[in-house]
Amino acid sequence: MSHDHDHHHHDHSELSETELRVRALETILTEKGYVEPAALDAIIQAYETKIGPHNGARVVAKAWTDPAFKKALLEDGSKAIGTLGHVSRVGDHLVVVENTPERHNMVVCTLCSCYPWEMLGLPPVWYKASPYRSRAVKDPRGVLADFNVTLPKDTEIRVWDSTAETRFLVLPMRPEGTEGWGEEQLAELVTRDSMIGTGFARTPGAPS
Amino acid sequence: MNGVHDMGGMDGFGKVEPEPNEPMFHVDWEARVLAMVRAMGAAGAFNIDTSRFYRETLPPHVYLSSSYYKKWFLGLEEMLIEKGYLTRQEIAAGHAMQAPKALKHGKFDLNQVERIMVRGKFARPAPAPAKFNIGDRVRAKNIHPTTHTRLPRYVRGHLGVVELNHGCHVFPDSAAMELGENPQWLYTVVFEGRDLWGTDGDPTLKVSIDAFEPYLDLA
């Protein structure tokens with residue numbers, strides 16, 4: 001358990017103070033007519049139910065099975081995803097980068113928490129926390145070891161520090177043993193971490 | 001600004017600790033904070049760069065010891081006070097005491113939710129031709145503005161190569177200070193790991209940032 005996850009400490013006095021302050025702020029914003037609480041509920045509900053890594057997984061699975069889509073996706077991620085009706089819309093500038101046996105891509109935001117929300121949902125705590133943000137650009141193999149991921153020594157590692165308006169999505173390698181699989185079946189092998197570059201797609205039969 | 005938020009390359013923060021089956025929110029108030037920040041931003045109380053700047057300017061010990069959404073909350077509260085949307089007295093009382101300040105886009109209600117589920121567009125028409133071409137060697141400027149910037153410290157002074165051109169975008173350094181959008185060309189610039197971290201660095205590593213044109217000089 002990390003020292004900066006203060007919400008894990010079950011420090012009730014600190015927690016309840018924050019909770020009271022957050023509630024007070026919402027009361028003031030509501031009383032002043034700035035926000036409607038039901039609209040805040042709807043934002044939260046959308047994050048909880050509509051957007052998540054399943055969106056990215058569908059895109060990856062399609063790229064694995066449809067060479068023309070994959071080409072379009074690597075040329076202009078936002079535009080290619082825009083042609084799919086079944087995933088959430090993406091904003092400006094999603095760049096998709098492909099993992100190969102020669103090159104492994106990994107995404108970080110050293111300055112804050114830039115992340116392709118539309119494709120992966122809200123980022124996990126570790127992505128936004130100091131250990132990942134500080135080390136990913138300097139010692140990516142060490143970071144990968146924290147995820148139990150080992151790469152061959154001569155594989156090039158490319159770290160994309162998402163510092164501005166661009167969001168990056170990693171297209172992981174298609175696992176072996178999936179010849180003839182359909183998109184839906186393949187999508188189940190695509191993990192969130194594999195689309196950040198801190199993991200691989202699952203291999204068939206491996207525990208999820 | 002050279003704050004603790006600019007973490008790339010710092011040592012001593014320990015291991016990355018993935019949490020199996022991590023919930024979307026660990027406590028309910030985190031979700032309320034996320035929603036309030038999105039709502040007040042969409043209503044026009046502030047832009048995204050300003051909100052980032054308020055989080056960066058939290059005192060270093062507060063920044064480092066607060067959870068992610070706690071930082072969002074502290075930044076939001078301070079920003080809304082300084083911009084006149086509420087007062088410290090109201091915070092202390094937990095209730096509205098003064099008339100509201102008009103919001104640029106009006107009250108954030110249910111009808112606004114759908115539009116904010118897609119990230120805003122920050123691309124803008126080009127005010128001038130791009131200075132750099134793909135393949136150009138560029139040097140990240142050695143600058144240390146005390147205000148908001150998206151040029152991380154670890155690349156300053158280093159040589160890199162322009163790899164992608166993303167077009168013109170709102171310039172965060174200006175927008176954060178409410179000095180206008182001042183659109184600038186944005187490039188992906190790639191650096192050799194050993195140029196950044198020395199000869200002990202991983203020889204297979206390349207790191208890129210997205211750099212706005214004013215951050216770069218032709219090498």
# chains A, B, ... in the order shown; residues from 1 in each chain; ligands from 1
>>> residues_around(residues="region 135-145 of chain B", least_positions_apart="3", cutoff="9 Å", atoms="only C-alpha atoms", output="list in words")
Met1, Asn2, Phe132, His148, Thr149, Leu151, Arg153, Val155, Arg156, Gly157, His158, Leu159, Gly160, Val161, Val162, Glu163, Leu164, Val189, Ala211, Pro214, Tyr215, Leu216, Asp217, Leu218 and Ala219 of chain B
>>> residues_around(residues="Arg32 (chain B)", least_positions_apart="6", cutoff="9 Å", atoms="only C-alpha atoms", output="ChimeraX atom specification")
/A:22-23,26,40-41,44
>>> write_last_selection(atoms="N, CA, C and O atoms", output="compact mmCIF listing (two decimals), in the first residue's frame")
# COMPACT_ATOMS: atom_id res chain seq x y z
N VAL A 22 -16.31 18.61 0.87
CA VAL A 22 -16.81 18.39 -0.49
C VAL A 22 -18.33 18.62 -0.53
O VAL A 22 -18.86 19.27 -1.43
N ARG A 23 -19.01 18.10 0.48
CA ARG A 23 -20.47 18.29 0.53
C ARG A 23 -20.83 19.77 0.67
O ARG A 23 -21.78 20.25 0.06
N GLU A 26 -20.49 21.47 -2.66
CA GLU A 26 -21.62 21.16 -3.56
C GLU A 26 -22.88 21.92 -3.14
O GLU A 26 -23.63 22.41 -3.99
N LEU A 40 -24.75 16.53 -11.95
CA LEU A 40 -23.52 15.91 -11.43
C LEU A 40 -23.72 14.40 -11.36
O LEU A 40 -22.81 13.64 -11.74
N ASP A 41 -24.88 13.97 -10.90
CA ASP A 41 -25.18 12.52 -10.87
C ASP A 41 -25.02 11.91 -12.26
O ASP A 41 -24.48 10.82 -12.41
N ILE A 44 -21.40 11.43 -13.32
CA ILE A 44 -20.80 10.27 -12.64
C ILE A 44 -21.32 8.97 -13.24
O ILE A 44 -20.56 8.04 -13.51
>>> closest_residue(among="B:Ser208, B:Ala42, B:Leu76, B:Glu213", to="Phe168 (chain A)", atoms="only C-alpha atoms")
B:Ser208
>>> interface_residues(of="chain B", to="chain A", cutoff="6 Å", atoms="only C-alpha atoms", output="JSON, numbers by chain")
{"B": [5, 6, 7, 8, 9, 10, 13, 14, 15, 16, 18, 29, 35, 65, 67, 94, 95, 96, 100, 107, 108, 109, 110, 118, 119, 121, 150, 204, 205, 206, 207, 208, 209, 210]}
>>> closest_residue(among="A:Asp76, A:Asp193, A:Glu188, A:Asp66", to="His54 (chain A)", atoms="only C-alpha atoms")
A:Glu188
>>> select_by_dssp(residues="region 28-198 of chain A", states="alpha helix (DSSP H)", output="VMD selection string")
chain A and resid 28 to 31 37 to 49 53 to 65 67 to 75 77 to 82 117 to 120 125 to 128 130 to 135 140 to 146 183 to 187 192 to 196
>>> atom_distance(atom1="CA of Trp197 (chain B)", atom2="CA of Tyr154 (chain B)")
8.7 Å
>>> select_by_dssp(residues="region 41-202 of chain A", states="strand (DSSP E)", output="PyMOL selection string")
chain A and resi 94-98+103-108+156-161+167-171
>>> decode(residues="region 168-207 of chain A", atoms="C-alpha atoms", output="PDB file, in the first residue's frame")
ATOM      1  CA  PHE A 168      -2.087   8.153 -26.975  1.00  0.00           C
ATOM      2  CA  LEU A 169      -3.444   4.633 -27.222  1.00  0.00           C
ATOM      3  CA  VAL A 170      -1.171   1.622 -27.576  1.00  0.00           C
ATOM      4  CA  LEU A 171      -2.173  -1.041 -30.074  1.00  0.00           C
ATOM      5  CA  PRO A 172      -0.866  -4.202 -28.383  1.00  0.00           C
ATOM      6  CA  MET A 173       0.392  -7.232 -30.298  1.00  0.00           C
ATOM      7  CA  ARG A 174      -2.230  -9.809 -31.157  1.00  0.00           C
ATOM      8  CA  PRO A 175      -1.680 -12.897 -29.006  1.00  0.00           C
ATOM      9  CA  GLU A 176      -0.659 -16.134 -30.647  1.00  0.00           C
ATOM     10  CA  GLY A 177      -3.208 -18.902 -30.839  1.00  0.00           C
ATOM     11  CA  THR A 178      -6.055 -16.597 -31.864  1.00  0.00           C
ATOM     12  CA  GLU A 179      -6.163 -17.420 -35.570  1.00  0.00           C
ATOM     13  CA  GLY A 180      -9.704 -17.263 -36.841  1.00  0.00           C
ATOM     14  CA  TRP A 181     -11.085 -15.559 -33.720  1.00  0.00           C
ATOM     15  CA  GLY A 182     -13.818 -12.977 -34.145  1.00  0.00           C
ATOM     16  CA  GLU A 183     -13.694  -9.387 -32.954  1.00  0.00           C
ATOM     17  CA  GLU A 184     -15.810  -9.904 -29.855  1.00  0.00           C
ATOM     18  CA  GLN A 185     -13.800 -12.879 -28.695  1.00  0.00           C
ATOM     19  CA  LEU A 186     -10.540 -11.011 -29.332  1.00  0.00           C
ATOM     20  CA  ALA A 187     -11.745  -7.915 -27.467  1.00  0.00           C
ATOM     21  CA  GLU A 188     -11.920  -9.987 -24.295  1.00  0.00           C
ATOM     22  CA  LEU A 189      -8.155 -10.475 -24.443  1.00  0.00           C
ATOM     23  CA  VAL A 190      -7.424  -6.730 -24.598  1.00  0.00           C
ATOM     24  CA  THR A 191      -6.615  -5.323 -21.173  1.00  0.00           C
ATOM     25  CA  ARG A 192      -6.499  -1.696 -20.139  1.00  0.00           C
ATOM     26  CA  ASP A 193      -2.823  -2.009 -19.232  1.00  0.00           C
ATOM     27  CA  SER A 194      -2.005  -3.434 -22.659  1.00  0.00           C
ATOM     28  CA  MET A 195      -3.418  -0.238 -24.183  1.00  0.00           C
ATOM     29  CA  ILE A 196      -1.231   1.914 -21.874  1.00  0.00           C
ATOM     30  CA  GLY A 197       1.813  -0.227 -22.584  1.00  0.00           C
ATOM     31  CA  THR A 198       2.334  -1.583 -19.071  1.00  0.00           C
ATOM     32  CA  GLY A 199       1.067  -5.008 -20.049  1.00  0.00           C
ATOM     33  CA  PHE A 200       0.426  -7.375 -22.935  1.00  0.00           C
ATOM     34  CA  ALA A 201      -2.883  -8.589 -24.271  1.00  0.00           C
ATOM     35  CA  ARG A 202      -3.928 -11.824 -22.558  1.00  0.00           C
ATOM     36  CA  THR A 203      -3.114 -15.083 -24.259  1.00  0.00           C
ATOM     37  CA  PRO A 204      -5.952 -17.543 -24.804  1.00  0.00           C
ATOM     38  CA  GLY A 205      -6.546 -19.685 -21.760  1.00  0.00           C
ATOM     39  CA  ALA A 206      -4.547 -17.444 -19.392  1.00  0.00           C
ATOM     40  CA  PRO A 207      -6.349 -16.348 -16.231  1.00  0.00           C
TER      41      PRO A 207
END
